[in-house]
Amino acid sequence: MSRPAWLPRLWPLLPSFVALLLTSLLLLAFGASPPLAFGAIWEGAFGNQDRLLTTVAFWIPLMLSSLGLLISFRAGLWNIGIEGQFILGAIGASWVALSLQLPAPLQISLQMLAAMAAGALWAGLAGVLKRWGVHEIFGGLALNNLAIILTNYLIAGPWQPPEGGSFRGTAPFHADALLPLVGATRFSVVALGLALLAFGLVVLALRNSAWGLRLKALGRNPRSALLLGVSSRRETLLAMAFCGALAGLGGAVRVLSWFDSLRQSISGGIGYLALMVVILAAFRLLWTPLVAFFFAAVLSGSVVLQLRTQLHSSLGNILTGVLVLLVLLFGNLDSLRAWWAEWRAGRRRS
Amino acid sequence: MFKMKVSFVSAVLLTLALLLAACAPAGSGAQPPAAGDDSLVIGLVLVGPRNDRGWSQAHYEGGQFVEANLAGLQVIVFESLNPADKPEATLAGVVADMVAQGAQLIITTSDEFEEDTTTVAASHPDVVFINVSGDDALTGEAPPNLGNIMGRMEDMKAIAGCAAALNTQTGHLGYLGPLVNHETVRLTASAYLGARHCYETYRGEDPDTLQFDVTWIGFWFNIPGVTLDPTEVANNFFDTGVDVLLSGIDTTEAIDVAGQRAAADEAVLAVPYDYLHACDSSPAFCLGVPFFSWGPAYLAAAESVARGQWEQSWAWYGANWDALTDPAQTTVGWVDGEGLQGQAAADLHDFIAKLASGEVDLWAGPIVLSDGTVYVPAGQSATDEQIWYLPSLLQGMGESR
């Protein structure tokens, strides 16, 4: 049973195609025309310069978080706490924004550093908890909730706007604290630069560094990695912190460009979305930015989809959800073949 | 073998997809409106889902009312615009597309959108914007194409508080509050003032013995993991001696939980909020509902925009006391629920009549804030501005978040 080399490479396109088909059927069931709907998504994501820039602006924090997850997944860690690390980054940046008033370049750099430190610290906590026997999934979830509680406390308490405490958010930051934006969009060139820089760094770390190799060893088999002299404690903490720093940077971009203040629900699930991105990209370095961009485009486009079709507002989420589900179920050709062979063997026996 | 199957499956799927694409009727789904005709397009931005049986649904139906009453008018709705449900959407983006679809009037229906509406309105000077519940047109922060609309829900909340006080057996009322801002503070305080008045006047009890506890959940509606869970808060109220629960949030948890507990033979009642039909989930245990009906106000705004005569204003629409139950004639109203019976119903209607005639003024001093400061001294009555900007809850109210 030989198979051409292109098959496994192109295989993931098939579940994507099926997902498209399923959502088309769904649209028809709602009484909407699929070409019109997908056209609306396309227009919403890329229709004009502002929309394209908005899509990119949403993509940047998602991309930063996804890049971080590549590192933690490489070390075999399920860093579900990324959502909280993202929020802590937003809090870190807000803290500097609210307490200092420096020239813009210095101010923004400090905010970014504070965000990365806060994110790394929060991720480090999950790493420390893991050493104490709390699996990073549970520790991470708990820390996510804590991050939300901390945000609510800050915006309703010490950082409440002068007009009085509400749960909505802080007062807008001063102008030098905010990233310069292009036109009327939320797109910032600085944020894009940072995202591209981060991508380069992650590529270097994973492909060309001894550290990347150690992470890989750790991720594949912690016990033999230990025998090879890889300290699982140290690498676990480092991988978590690296991921947390990138997620924290994403949170900073979110408060300093998408919003102009620390708000309730600052992330809205971007961390969880990044988990889906990385899983869908099968943990591959070059696919990750593309898949993240695909997610950003579909979600961004679904705004116009809702406006044009007046259909249920979660159609964009349904599309991405169906896609991830199908790729997870059928995306891996080898495991699918193994399953198929097993099933046939079982039938022959009975 | 395997390869053959794969290509077979792909071929089938491809054919299916092509068929689907080709057969899809061109007219299905909503079409963007033809540009260039004279019909008015309104954009309506909701913070929650259009079918929340509360705040957002009341706005959605207000839009439908305008559509039904103004020929050739189309309403484009965007629902659930909030960072938890739609992290990818911004008000600016939504508005830009509404304008591209020809919207000449855009109504943003939450205090959540107040700040962004002001910014966005400035970048679309040819479009009329209305932010519901905001005050930027009053304070002068709004550009000339942005106005505000709100209903005087305070009177209806006083009726709600009165209905609760007339029916409590335990003398302990609960208030399911959303987040803390001027609007929610003055509405909650109004309910308390109505409750005190009726507890004293009709039941002959000492109003200082009436316990009135407020819990702020943290947002207009439940966001799992972010806000307090209103279902849990409602249950907690009933567990701690509250027997009538008033809702101040956008959604129906108060009446839902009361219905469940009442079905288990507990003597509990609720007063939901916002939406004319909010009692429907448990009508027998509903004392009534103070509702918003945005249709008349939206229709007036749409007509003035269509005639080209819209002018900026900060409009705080009072109740039409002669048509308090008719959503076509009043911006705020009250309808009795099945749970309101006998003497309590008679007393409540007496109270409503006295509010309408001005015989009862709940905002007559002394009005004392929760920290003990006298806000309105005895012998004076609070001005509209004092009511609008009430800085905190009142003395005698319990508060937790």
# chains A, B, ... in the order shown; residues from 1 in each chain; ligands from 1
$ interface_residues --of "chain A" --to "chain B" --cutoff "8 Å" --atoms "only C-alpha atoms" --output "number ranges by chain"
A: 1, 3, 14, 18, 21, 24, 28, 31-36, 51, 58, 145, 148-149, 152, 164-168, 264-270, 296, 299-300, 303-304, 306-310, 313
$ atom_distance --atom1 "atom CA of Ile137 of chain A" --atom2 "atom CA of Leu77 of chain A"
8.7 Å
$ residues_around --residues "Ala142 of chain B" --least-positions-apart "2" --cutoff "9 Å" --atoms "only C-alpha atoms" --output "PyMOL selection string"
chain B and resi 117-119+121-122+135-140+144-147
$ closest_residue --among "A:Cys243, A:Ala210, A:Val291, A:Val128" --to "Leu323 of chain A" --atoms "only C-alpha atoms"
A:Val291
$ residues_around --residues "Ala300 of chain B" --least-positions-apart "6" --cutoff "10 Å" --atoms "only C-alpha atoms" --output "number ranges by chain"
B: 66, 306, 310
$ atom_distance --atom1 "atom CA of Thr215 of chain B" --atom2 "atom CA of Val374 of chain B"
23.6 Å
$ closest_residue --among "B:Leu245, B:Ala278, B:Ala254, B:Ala165" --to "Gln57 of chain B" --atoms "only C-alpha atoms"
B:Ala278
$ closest_residue --among "B:Thr184, B:Gly339, B:Ala258, B:Leu246" --to "Leu390 of chain B" --atoms "only C-alpha atoms"
B:Thr184
$ select_by_dssp --residues "segment 141-328 of chain A" --states "helix (DSSP H, G or I)" --output "PyMOL selection string"
chain A and resi 141-156+175-177+189-208+210-220+222-227+232-258+270-280+287-309+315-328
$ atom_distance --atom1 "atom CA of Met116 of chain A" --atom2 "atom CA of Leu249 of chain A"
5.4 Å
$ residues_around --residues "segment 179-185 of chain A" --least-positions-apart "5" --cutoff "7 Å" --atoms "only C-alpha atoms" --output "PyMOL selection string"
chain A and resi 50+53-54+256-257
$ write_last_selection --atoms "all heavy atoms" --output "PDB file, in the first residue's frame"
ATOM      1  N   ASP A  50      -9.577  49.404   5.603  1.00  0.00           N
ATOM      2  CA  ASP A  50      -9.891  49.434   7.031  1.00  0.00           C
ATOM      3  C   ASP A  50     -10.211  48.038   7.553  1.00  0.00           C
ATOM      4  O   ASP A  50      -9.792  47.655   8.645  1.00  0.00           O
ATOM      5  CB  ASP A  50     -11.097  50.354   7.288  1.00  0.00           C
ATOM      6  CG  ASP A  50     -10.677  51.810   7.354  1.00  0.00           C
ATOM      7  OD1 ASP A  50      -9.494  52.082   7.083  1.00  0.00           O
ATOM      8  OD2 ASP A  50     -11.537  52.654   7.664  1.00  0.00           O
ATOM      9  N   LEU A  53      -7.104  45.882   7.757  1.00  0.00           N
ATOM     10  CA  LEU A  53      -6.276  46.281   8.905  1.00  0.00           C
ATOM     11  C   LEU A  53      -6.922  45.843  10.222  1.00  0.00           C
ATOM     12  O   LEU A  53      -6.228  45.477  11.173  1.00  0.00           O
ATOM     13  CB  LEU A  53      -6.041  47.792   8.893  1.00  0.00           C
ATOM     14  CG  LEU A  53      -5.150  48.302   7.751  1.00  0.00           C
ATOM     15  CD1 LEU A  53      -4.965  49.804   7.848  1.00  0.00           C
ATOM     16  CD2 LEU A  53      -3.795  47.596   7.749  1.00  0.00           C
ATOM     17  N   THR A  54      -8.255  45.871  10.287  1.00  0.00           N
ATOM     18  CA  THR A  54      -8.939  45.405  11.491  1.00  0.00           C
ATOM     19  C   THR A  54      -8.705  43.908  11.699  1.00  0.00           C
ATOM     20  O   THR A  54      -8.461  43.441  12.814  1.00  0.00           O
ATOM     21  CB  THR A  54     -10.452  45.695  11.384  1.00  0.00           C
ATOM     22  OG1 THR A  54     -10.621  47.100  11.177  1.00  0.00           O
ATOM     23  CG2 THR A  54     -11.178  45.284  12.638  1.00  0.00           C
ATOM     24  N   LEU A 256      -3.630  48.390  24.545  1.00  0.00           N
ATOM     25  CA  LEU A 256      -3.003  49.623  24.085  1.00  0.00           C
ATOM     26  C   LEU A 256      -3.383  50.002  22.655  1.00  0.00           C
ATOM     27  O   LEU A 256      -3.089  51.100  22.212  1.00  0.00           O
ATOM     28  CB  LEU A 256      -1.486  49.518  24.185  1.00  0.00           C
ATOM     29  CG  LEU A 256      -0.945  49.235  25.596  1.00  0.00           C
ATOM     30  CD1 LEU A 256       0.551  49.054  25.566  1.00  0.00           C
ATOM     31  CD2 LEU A 256      -1.348  50.337  26.562  1.00  0.00           C
ATOM     32  N   SER A 257      -4.049  49.064  21.923  1.00  0.00           N
ATOM     33  CA  SER A 257      -4.473  49.441  20.578  1.00  0.00           C
ATOM     34  C   SER A 257      -5.929  49.087  20.320  1.00  0.00           C
ATOM     35  O   SER A 257      -6.704  49.926  19.871  1.00  0.00           O
ATOM     36  CB  SER A 257      -3.571  48.811  19.516  1.00  0.00           C
ATOM     37  OG  SER A 257      -3.601  47.409  19.568  1.00  0.00           O
TER      38      SER A 257
END
$ select_by_dssp --residues "segment 159-393 of chain B" --states "strand (DSSP E)" --output "number ranges by chain"
B: 172-177, 211-216, 244-247, 269-271, 288-292, 314-317, 332-336, 367-368, 374-376
$ residues_around --residues "Ser133 of chain B" --least-positions-apart "5" --cutoff "9 Å" --atoms "only C-alpha atoms" --output "number ranges by chain"
B: 109-111, 114, 148-151, 183, 316
